[in-house]
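Q: Got model32.tsv for you, TSV, C-alpha atoms:
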```tsv
chain	number	residue	atom	x	y	z
U	25	MET	CA	0.00	0.00	0.00
U	26	THR	CA	1.52	3.32	-1.09
U	27	GLU	CA	1.55	6.49	0.93
U	28	THR	CA	-0.85	9.17	-0.34
U	29	THR	CA	0.44	12.56	-1.47
U	30	THR	CA	-1.38	14.25	1.38
U	31	SER	CA	0.24	11.95	3.96
U	32	MET	CA	3.67	12.55	2.47
U	33	GLN	CA	3.20	16.32	2.56
U	34	ARG	CA	2.02	16.17	6.17
U	35	ARG	CA	5.02	14.03	7.24
U	36	THR	CA	7.47	16.33	5.44
U	37	PHE	CA	5.90	19.38	7.11
U	38	LEU	CA	6.23	17.80	10.56
U	39	GLN	CA	9.88	16.84	9.94
U	40	THR	CA	10.72	20.34	8.69
U	41	THR	CA	9.00	21.93	11.68
U	42	ALA	CA	10.91	19.67	14.08
U	43	VAL	CA	14.27	20.57	12.49
U	44	ALA	CA	13.47	24.30	12.60
U	45	ALA	CA	12.46	24.06	16.24
U	46	ALA	CA	15.66	22.23	17.15
U	47	THR	CA	17.76	24.82	15.32
U	48	THR	CA	15.96	27.69	17.06
U	49	LEU	CA	16.61	26.13	20.46
U	50	ALA	CA	20.26	25.29	19.78
U	51	ALA	CA	21.78	28.72	20.49
U	52	PRO	CA	19.91	29.32	23.76
U	53	ALA	CA	20.66	25.76	24.86
U	54	PHE	CA	24.37	26.30	24.19
U	55	ALA	CA	24.32	29.59	26.10
U	56	GLN	CA	22.53	27.94	29.03
U	57	ALA	CA	25.09	25.10	29.14
U	58	TRP	CA	27.99	27.54	29.14
U	59	PRO	CA	29.92	27.99	31.34
U	60	SER	CA	30.36	24.66	33.09
U	61	ARG	CA	33.98	25.08	34.21
U	62	THR	CA	36.71	27.62	35.00
U	63	ILE	CA	37.27	30.45	32.52
U	64	LYS	CA	40.75	31.81	31.80
U	65	LEU	CA	41.24	35.56	31.32
U	66	LEU	CA	44.67	35.77	29.72
U	67	VAL	CA	46.67	38.97	30.23
U	68	PRO	CA	49.71	39.22	27.93
U	69	PHE	CA	51.58	41.42	30.42
U	70	PRO	CA	53.27	40.72	33.76
U	71	PRO	CA	51.65	40.81	37.21
U	72	GLY	CA	51.56	44.32	38.62
U	73	SER	CA	51.10	46.00	35.24
U	74	SER	CA	48.09	48.23	34.66
U	75	PRO	CA	46.36	45.64	32.40
U	76	ASP	CA	46.88	43.06	35.16
U	77	PHE	CA	45.30	45.40	37.74
U	78	ILE	CA	42.19	46.10	35.66
U	79	ALA	CA	41.84	42.44	34.64
U	80	ARG	CA	41.87	41.33	38.29
U	81	LEU	CA	39.40	44.07	39.13
U	82	ILE	CA	36.79	42.63	36.76
U	83	ALA	CA	37.64	38.92	36.93
U	84	GLU	CA	36.06	38.17	40.31
U	85	PRO	CA	32.72	39.91	39.70
U	86	LEU	CA	32.58	38.36	36.21
U	87	GLY	CA	33.02	34.95	37.79
U	88	HIS	CA	30.19	35.64	40.24
U	89	ALA	CA	27.94	36.76	37.37
U	90	LEU	CA	28.70	33.66	35.29
U	91	GLY	CA	28.62	31.20	38.16
U	92	GLN	CA	32.17	29.95	37.51
U	93	VAL	CA	35.66	30.96	38.61
U	94	VAL	CA	37.46	33.37	36.27
U	95	ILE	CA	41.23	33.16	36.73
U	96	VAL	CA	43.74	35.72	35.48
U	97	ASP	CA	46.60	34.06	33.60
U	98	ASN	CA	49.65	36.25	32.86
U	99	LYS	CA	51.58	35.38	29.71
U	100	PRO	CA	53.92	38.30	28.90
U	101	GLY	CA	56.29	38.55	25.97
U	102	ALA	CA	57.01	40.61	22.83
U	103	GLY	CA	54.99	43.62	23.99
U	104	GLY	CA	51.87	41.52	24.52
U	105	ASN	CA	52.03	39.71	21.19
U	106	VAL	CA	52.87	36.28	22.66
U	107	GLY	CA	49.81	36.08	24.90
U	108	THR	CA	47.57	37.63	22.28
U	109	ALA	CA	48.64	34.97	19.76
U	110	THR	CA	47.86	32.29	22.35
U	111	VAL	CA	44.26	33.46	22.61
U	112	ALA	CA	43.95	33.99	18.85
U	113	LYS	CA	44.79	30.30	18.36
U	114	ALA	CA	42.78	28.95	21.32
U	115	GLU	CA	39.61	26.90	21.01
U	116	PRO	CA	36.63	29.25	20.53
U	117	ASP	CA	34.67	27.54	23.30
U	118	GLY	CA	34.20	30.53	25.61
U	119	TYR	CA	36.71	29.30	28.18
U	120	THR	CA	39.66	31.45	27.07
U	121	LEU	CA	39.34	35.23	26.94
U	122	LEU	CA	41.90	37.96	26.30
U	123	PHE	CA	42.44	41.14	28.29
U	124	THR	CA	44.88	43.46	26.51
U	125	ILE	CA	45.83	46.98	25.58
U	126	GLN	CA	45.68	48.51	22.11
U	127	GLY	CA	49.27	47.70	21.09
U	128	PRO	CA	48.84	44.01	20.16
U	129	LEU	CA	45.54	44.85	18.45
U	130	VAL	CA	46.38	48.03	16.55
U	131	THR	CA	50.07	48.78	16.07
U	132	ALA	CA	51.58	45.28	16.24
U	133	PRO	CA	50.12	44.28	12.83
U	134	LEU	CA	51.65	47.44	11.38
U	135	LEU	CA	55.11	47.09	12.91
U	136	SER	CA	55.89	43.40	13.34
U	137	LYS	CA	57.19	41.34	10.44
U	138	SER	CA	56.80	38.09	12.35
U	139	LEU	CA	53.31	38.49	13.84
U	140	ASN	CA	51.53	35.14	13.70
U	141	TYR	CA	47.97	36.36	14.20
U	142	ASP	CA	45.60	38.88	12.63
U	143	PRO	CA	43.49	40.73	15.23
U	144	ALA	CA	40.77	41.49	12.68
U	145	LYS	CA	40.38	37.82	11.67
U	146	ASP	CA	41.51	35.80	14.68
U	147	LEU	CA	39.84	37.66	17.56
U	148	ALA	CA	36.23	38.53	18.38
U	149	PRO	CA	35.72	41.87	20.17
U	150	VAL	CA	33.76	41.65	23.43
U	151	THR	CA	33.92	45.06	25.11
U	152	LEU	CA	36.09	48.13	25.64
U	153	VAL	CA	36.86	48.14	29.37
U	154	ALA	CA	38.79	51.30	30.19
U	155	THR	CA	40.54	54.30	28.67
U	156	SER	CA	43.29	56.57	29.91
U	157	PRO	CA	44.93	59.72	28.64
U	158	ASN	CA	48.63	59.89	28.04
U	159	VAL	CA	50.41	62.70	29.85
U	160	LEU	CA	53.39	64.60	28.50
U	161	VAL	CA	55.92	64.93	31.31
U	162	VAL	CA	59.21	66.83	31.18
U	163	ASP	CA	62.23	67.44	33.35
U	164	PRO	CA	61.43	70.53	35.49
U	165	LYS	CA	65.00	71.73	34.91
U	166	LEU	CA	64.07	72.23	31.26
U	167	GLY	CA	62.10	75.33	32.33
U	168	ALA	CA	58.89	74.45	30.47
U	169	ASN	CA	55.76	75.24	32.49
U	170	THR	CA	53.32	74.97	29.58
U	171	LEU	CA	53.08	73.09	26.30
U	172	ALA	CA	53.90	76.32	24.48
U	173	ASP	CA	57.07	76.65	26.57
U	174	PHE	CA	58.12	73.12	25.64
U	175	VAL	CA	57.56	73.73	21.93
U	176	ARG	CA	59.55	76.97	22.06
U	177	ILE	CA	62.47	75.37	23.93
U	178	ALA	CA	62.47	72.32	21.63
U	179	LYS	CA	62.68	74.57	18.58
U	180	GLU	CA	65.46	76.62	20.12
U	181	LYS	CA	67.36	73.38	20.83
U	182	LYS	CA	66.49	71.66	17.58
U	183	GLY	CA	67.69	68.07	17.57
U	184	GLN	CA	69.24	68.39	21.03
U	185	LEU	CA	66.37	67.16	23.20
U	186	ASN	CA	65.67	63.47	23.80
U	187	TYR	CA	62.41	61.75	24.66
U	188	GLY	CA	61.90	58.31	26.13
U	189	SER	CA	59.37	55.60	25.33
U	190	VAL	CA	58.85	51.92	26.03
U	191	GLY	CA	59.87	50.85	22.55
U	192	ASN	CA	59.50	51.25	18.83
U	193	GLY	CA	55.83	51.58	17.88
U	194	SER	CA	54.62	51.82	21.48
U	195	ALA	CA	51.76	54.18	22.32
U	196	ALA	CA	54.24	56.54	24.01
U	197	HIS	CA	56.48	56.54	20.94
U	198	LEU	CA	53.69	57.15	18.44
U	199	ALA	CA	52.05	59.85	20.59
U	200	MET	CA	55.28	61.83	20.51
U	201	GLU	CA	55.74	61.23	16.79
U	202	LEU	CA	52.24	62.59	16.24
U	203	PHE	CA	53.02	65.64	18.37
U	204	LYS	CA	56.35	66.19	16.61
U	205	THR	CA	54.50	66.33	13.31
U	206	ARG	CA	51.80	68.67	14.60
U	207	ALA	CA	54.23	71.04	16.34
U	208	GLY	CA	57.11	70.81	13.85
U	209	LEU	CA	59.65	69.48	16.37
U	210	ASP	CA	62.95	67.64	15.98
U	211	LEU	CA	63.40	65.33	18.99
U	212	VAL	CA	65.55	62.22	19.43
U	213	HIS	CA	63.78	58.97	20.37
U	214	VAL	CA	65.39	56.81	23.09
U	215	PRO	CA	63.59	53.48	23.73
U	216	TYR	CA	63.62	51.75	27.13
U	217	GLN	CA	62.33	48.41	28.42
U	218	GLY	CA	59.60	49.90	30.61
U	219	PHE	CA	58.10	53.10	32.00
U	220	PRO	CA	60.04	52.98	35.30
U	221	GLN	CA	63.22	53.20	33.22
U	222	VAL	CA	61.80	56.15	31.25
U	223	VAL	CA	60.93	57.98	34.48
U	224	ASN	CA	64.40	57.32	35.90
U	225	ALA	CA	66.00	58.54	32.67
U	226	ILE	CA	64.10	61.84	32.88
U	227	LEU	CA	65.01	62.24	36.56
U	228	ALA	CA	68.65	61.59	35.68
U	229	GLY	CA	68.61	64.11	32.83
U	230	GLN	CA	69.32	61.48	30.17
U	231	VAL	CA	66.08	62.35	28.33
U	232	GLN	CA	64.00	65.46	28.77
U	233	ALA	CA	60.45	64.31	28.05
U	234	GLY	CA	58.08	61.43	27.48
U	235	PHE	CA	54.45	60.41	27.18
U	236	MET	CA	53.06	57.96	29.72
U	237	VAL	CA	49.83	56.97	31.45
U	238	PRO	CA	49.17	59.07	34.58
U	239	GLY	CA	49.47	56.25	37.11
U	240	ILE	CA	53.14	55.77	36.19
U	241	ALA	CA	54.16	59.37	36.86
U	242	ILE	CA	51.64	60.85	39.28
U	243	GLY	CA	53.83	60.38	42.37
U	244	GLN	CA	56.77	62.15	40.76
U	245	ILE	CA	54.49	64.88	39.39
U	246	ARG	CA	53.05	65.58	42.85
U	247	ALA	CA	56.55	65.60	44.31
U	248	GLY	CA	57.61	68.21	41.76
U	249	LYS	CA	60.22	65.91	40.21
U	250	LEU	CA	58.36	65.75	36.89
U	251	LYS	CA	56.36	68.50	35.23
U	252	ALA	CA	53.11	67.53	33.49
U	253	LEU	CA	52.18	69.70	30.51
U	254	GLY	CA	48.92	68.23	29.23
U	255	VAL	CA	46.70	65.22	28.59
U	256	THR	CA	45.99	63.69	25.21
U	257	THR	CA	42.20	63.33	25.43
U	258	LEU	CA	40.04	65.59	23.26
U	259	GLY	CA	38.58	67.19	26.38
U	260	ARG	CA	39.72	67.15	29.97
U	261	SER	CA	40.14	63.67	31.35
U	262	GLY	CA	37.75	62.46	34.03
U	263	SER	CA	40.74	60.98	35.86
U	264	LEU	CA	42.75	64.25	35.75
U	265	PRO	CA	40.13	67.02	35.51
U	266	ASP	CA	42.53	69.83	36.47
U	267	MET	CA	45.05	69.14	33.71
U	268	PRO	CA	44.54	70.93	30.37
U	269	SER	CA	44.32	68.95	27.15
U	270	PHE	CA	46.47	69.49	24.07
U	271	VAL	CA	43.30	70.67	22.31
U	272	GLU	CA	42.89	73.48	24.85
U	273	GLN	CA	46.50	74.47	24.25
U	274	GLY	CA	46.20	75.00	20.52
U	275	TYR	CA	46.24	71.54	18.92
U	276	PRO	CA	42.70	70.83	17.64
U	277	GLY	CA	41.76	67.17	17.37
U	278	PHE	CA	44.94	65.96	19.07
U	279	GLU	CA	44.15	62.64	20.71
U	280	ALA	CA	46.35	59.72	21.77
U	281	ILE	CA	44.58	57.63	24.39
U	282	SER	CA	45.52	54.31	25.90
U	283	TRP	CA	42.78	51.68	26.18
U	284	GLN	CA	42.14	48.17	27.42
U	285	ALA	CA	39.64	45.63	26.15
U	286	VAL	CA	38.37	42.06	26.36
U	287	LEU	CA	38.27	39.81	23.29
U	288	ALA	CA	37.66	36.13	22.55
U	289	PRO	CA	38.99	33.77	19.88
U	290	ALA	CA	37.23	34.25	16.56
U	291	GLY	CA	34.43	31.75	16.14
U	292	THR	CA	33.27	31.95	19.74
U	293	LYS	CA	29.47	31.53	19.76
U	294	ARG	CA	27.70	34.88	19.60
U	295	PRO	CA	25.43	34.10	22.60
U	296	VAL	CA	28.58	33.60	24.70
U	297	VAL	CA	30.20	36.82	23.42
U	298	ASP	CA	27.00	38.73	24.13
U	299	ARG	CA	26.63	37.32	27.61
U	300	VAL	CA	30.22	38.15	28.59
U	301	SER	CA	29.87	41.60	27.04
U	302	ASN	CA	26.60	42.37	28.84
U	303	GLU	CA	27.91	41.16	32.20
U	304	LEU	CA	31.13	43.12	31.81
U	305	ILE	CA	29.32	46.32	30.82
U	306	ARG	CA	27.25	46.07	33.99
U	307	ILE	CA	30.36	45.40	36.10
U	308	ILE	CA	32.44	48.14	34.49
U	309	LYS	CA	29.72	50.75	35.00
U	310	SER	CA	29.13	49.83	38.65
U	311	ASP	CA	30.09	52.51	41.16
U	312	ASP	CA	32.61	50.23	42.87
U	313	VAL	CA	34.60	49.25	39.78
U	314	ARG	CA	34.35	52.67	38.18
U	315	GLY	CA	35.67	54.28	41.36
U	316	LYS	CA	38.60	51.88	41.59
U	317	MET	CA	39.48	52.55	37.95
U	318	LEU	CA	39.47	56.30	38.57
U	319	GLY	CA	41.77	55.69	41.51
U	320	GLN	CA	44.27	54.34	38.96
U	321	TYR	CA	43.53	57.19	36.48
U	322	PHE	CA	41.42	55.10	34.13
U	323	SER	CA	37.94	55.98	32.92
U	324	ALA	CA	35.43	53.12	32.79
U	325	ALA	CA	34.05	52.40	29.32
U	326	GLY	CA	31.85	49.36	28.63
U	327	THR	CA	30.74	49.05	25.00
U	328	ALA	CA	29.01	46.61	22.68
U	329	PRO	CA	31.27	44.31	20.63
U	330	GLU	CA	30.56	46.29	17.45
U	331	ALA	CA	31.79	49.51	19.06
U	332	LEU	CA	35.10	47.89	20.03
U	333	ALA	CA	35.48	46.51	16.50
U	334	GLY	CA	34.93	50.01	15.13
U	335	LEU	CA	37.50	51.48	17.52
U	336	MET	CA	40.10	48.92	16.48
U	337	LYS	CA	39.52	49.72	12.81
U	338	THR	CA	39.68	53.50	13.16
U	339	GLU	CA	42.71	53.35	15.48
U	340	ARG	CA	44.59	51.14	13.05
U	341	GLU	CA	43.84	53.48	10.16
U	342	ARG	CA	44.88	56.55	12.18
U	343	TRP	CA	48.14	55.18	13.56
U	344	SER	CA	49.16	53.66	10.24
U	345	LYS	CA	49.29	57.21	8.88
U	346	VAL	CA	51.43	58.36	11.81
U	347	ILE	CA	53.79	55.39	11.37
U	348	LYS	CA	54.16	56.12	7.67
U	349	ALA	CA	54.71	59.84	8.20
U	350	ALA	CA	57.29	59.21	10.93
U	351	GLY	CA	59.10	56.59	8.87
U	352	VAL	CA	58.87	53.99	11.65
U	353	GLN	CA	60.12	50.71	10.22
U	354	PRO	CA	58.67	47.25	10.99
U	355	GLU	CA	60.93	44.95	12.98
```
For the structure just supplied, provide its representation as structure tokens.

A:
Amino acid sequence: MTETTTSMQRRTFLQTTAVAAATTLAAPAFAQAWPSRTIKLLVPFPPGSSPDFIARLIAEPLGHALGQVVIVDNKPGAGGNVGTATVAKAEPDGYTLLFTIQGPLVTAPLLSKSLNYDPAKDLAPVTLVATSPNVLVVDPKLGANTLADFVRIAKEKKGQLNYGSVGNGSAAHLAMELFKTRAGLDLVHVPYQGFPQVVNAILAGQVQAGFMVPGIAIGQIRAGKLKALGVTTLGRSGSLPDMPSFVEQGYPGFEAISWQAVLAPAGTKRPVVDRVSNELIRIIKSDDVRGKMLGQYFSAAGTAPEALAGLMKTERERWSKVIKAAGVQPE
């Protein structure tokens, strides 16, 4: 006995409906099953660094929100590139996340010949966590009390003043290269291994200036051993409201911020990315976390994944122009 056309149509309809229903439920079911074990938040910088501090600040409340332990795993090396590559190549199962600064995401692809990951293809943005201005500090013995003073002295001593940074292509290096272009200055770049060495070099008179995040220099600024001339946010920074910006001092549009963000391996399920992003935004904007960030001269952010992706794209385009104009060569 053969099956009638009507019966066949009815059976096909029921099968199709069942498949559609199963597909619709798959994403929520996956999100509900995750997480079922410890999550690793990898920081590609050493313990005690500013990324390490902010990562530990958000890790515990994120763990509470997700119902699993979130551990901070430090994997420094090559300016953050080693740890970033580790996450880029990790399983996209939601159990490995990256907490990093802009360098490995923005400038590393422009300046490293041996980079073994592509941030745009290998990482999924989750949220922008925090931002910070850079501060231009100088040796008080230089006699510059304002940005205009510094520009005047630098032009009078063309090619005779040195500035320190934490390496070729670092945020501190590129911020000064941008300012050199805008102000028409001739300064000599001296790279160091870290900001403490840059501060010590200025105190010793080996270099006369440098850009750095406020938390590095604030003690020496308050003690009068370093002179701060301005912040690199478009307006006054929420973390340093009394310090004038470069924009206020005659350099429209001058901006060179430092920022920190969370990302996941590309291919991580969107429900997982969204859940981590939403939980982190709530945590970041809480009074407790926001206040602790301000205490370290960071401003809390908290953005959707698309906003972080857009920031990465525009930052890469902007700094690629600076790198080209300054003639900074890949290594």

Q: Counting all atoms listed in the file, which of U:Lys348, U:Arg80, U:His88, U:His197 gets nearest to Phe123 of chain U?

A: U:Arg80

Q: Extract, using all atoms listed in the file, all DNA, RNA and protein residues at most 12 Å from Lys345 of chain U, discarding same-chain residues fewer than 3 positions from it, and format them as a compact mmCIF listing (two decimals) with C-alpha atoms, in the frame of the given file.

A:
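File produced: result-v7.txt:
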```txt
# COMPACT_ATOMS: atom_id res chain seq x y z
CA THR U 131 50.07 48.78 16.07
CA LEU U 134 51.65 47.44 11.38
CA LEU U 198 53.69 57.15 18.44
CA GLU U 201 55.74 61.23 16.79
CA LEU U 202 52.24 62.59 16.24
CA THR U 205 54.50 66.33 13.31
CA THR U 338 39.68 53.50 13.16
CA GLU U 339 42.71 53.35 15.48
CA ARG U 340 44.59 51.14 13.05
CA GLU U 341 43.84 53.48 10.16
CA ARG U 342 44.88 56.55 12.18
CA LYS U 348 54.16 56.12 7.67
CA ALA U 349 54.71 59.84 8.20
CA ALA U 350 57.29 59.21 10.93
CA GLY U 351 59.10 56.59 8.87
CA VAL U 352 58.87 53.99 11.65
```

Q: Can you tell me, as a list of chain:residue names, which residues sit within 6 Å of (46.8, 32.9, 26.4) in the file's frame, using all atoms listed in the file?

A: U:Leu66, U:Gly107, U:Thr110, U:Val111

Q: Counting all atoms listed in the file, find residues at most 9 Å from (60.0, 40.9, 18.6) (file frame) and give them as number ranges by chain.

A: U: 101-103, 105, 136-139, 355

Q: Any chance you could export the current selection's C-alpha atoms as a PDB file, keeping the file's coordinate frame?

A:
```pdb
ATOM      1  CA  GLY U 101      56.290  38.550  25.970  1.00  0.00           C
ATOM      2  CA  ALA U 102      57.010  40.610  22.830  1.00  0.00           C
ATOM      3  CA  GLY U 103      54.990  43.620  23.990  1.00  0.00           C
ATOM      4  CA  ASN U 105      52.030  39.710  21.190  1.00  0.00           C
ATOM      5  CA  SER U 136      55.890  43.400  13.340  1.00  0.00           C
ATOM      6  CA  LYS U 137      57.190  41.340  10.440  1.00  0.00           C
ATOM      7  CA  SER U 138      56.800  38.090  12.350  1.00  0.00           C
ATOM      8  CA  LEU U 139      53.310  38.490  13.840  1.00  0.00           C
ATOM      9  CA  GLU U 355      60.930  44.950  12.980  1.00  0.00           C
TER      10      GLU U 355
END
```

Q: What does the distance from atom CA of Gly239 of chain U to atom CA of Met336 of chain U come to in Å, to one decimal?

A: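 Here the two named atoms are 23.8 Å from each other.
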
Q: Hey, can you check how far atom CA of Tyr141 of chain U sits from atom CA of Val106 of chain U?

A: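 Separation between atom CA of Tyr141 of chain U and atom CA of Val106 of chain U: 9.8 Å.
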
Q: Please determine, counting all atoms listed in the file, which residue among U:Pro164, U:Pro265, U:Pro157, U:Pro85 has the shortest atom-to-atom distance to Leu227 of chain U.

A: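 Checking each candidate against Leu227 of chain U, we get U:Pro164 as the closest.
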
Q: Might I get the box with edges along x, y and z of the file that holds all atoms of segment 80-89 of chain U listed there, padded by 3 Å on every side, given as centre and edge lengths in Å to one decimal, as lines of an AutoDock Vina configuration file?

A:
```
center_x = 34.9
center_y = 39.5
center_z = 38.3
size_x = 19.9
size_y = 15.1
size_z = 10.1
```

Q: Find the residue from U:Gln232, U:Thr292, U:Gln320, U:Thr124 that sits nearest to Thr151 of chain U; use all atoms listed in the file when measuring.

A: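 Answer, going by the shortest atom-to-atom distance: U:Thr124.
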
Q: Report, in Å with one decimal, the straight-line distance from atom CA of Gly87 of chain U to atom CA of Pro238 of chain U.

A: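 Here the two named atoms are 29.2 Å from each other.
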
Q: With all atoms listed in the file as the counted atoms, please give the residues lying no more than 8 Å from segment 296-300 of chain U, apart from itself and same-chain residues fewer than 4 positions off, as a VMD selection string.

A: chain U and resid 55 58 86 118 150 288 292 304 329

Q: Skip Val190 of chain U itself and residues of its chain fewer than 4 positions away, then list as a compact mmCIF listing (two decimals) with C-alpha atoms, keeping the file's coordinate frame all residues within 9 Å of it, counting all atoms listed in the file.

A:
```
# COMPACT_ATOMS: atom_id res chain seq x y z
CA SER U 194 54.62 51.82 21.48
CA ALA U 195 51.76 54.18 22.32
CA ALA U 196 54.24 56.54 24.01
CA HIS U 197 56.48 56.54 20.94
CA VAL U 214 65.39 56.81 23.09
CA PRO U 215 63.59 53.48 23.73
CA TYR U 216 63.62 51.75 27.13
CA GLN U 217 62.33 48.41 28.42
CA GLY U 218 59.60 49.90 30.61
CA PHE U 219 58.10 53.10 32.00
CA GLN U 221 63.22 53.20 33.22
CA VAL U 222 61.80 56.15 31.25
```
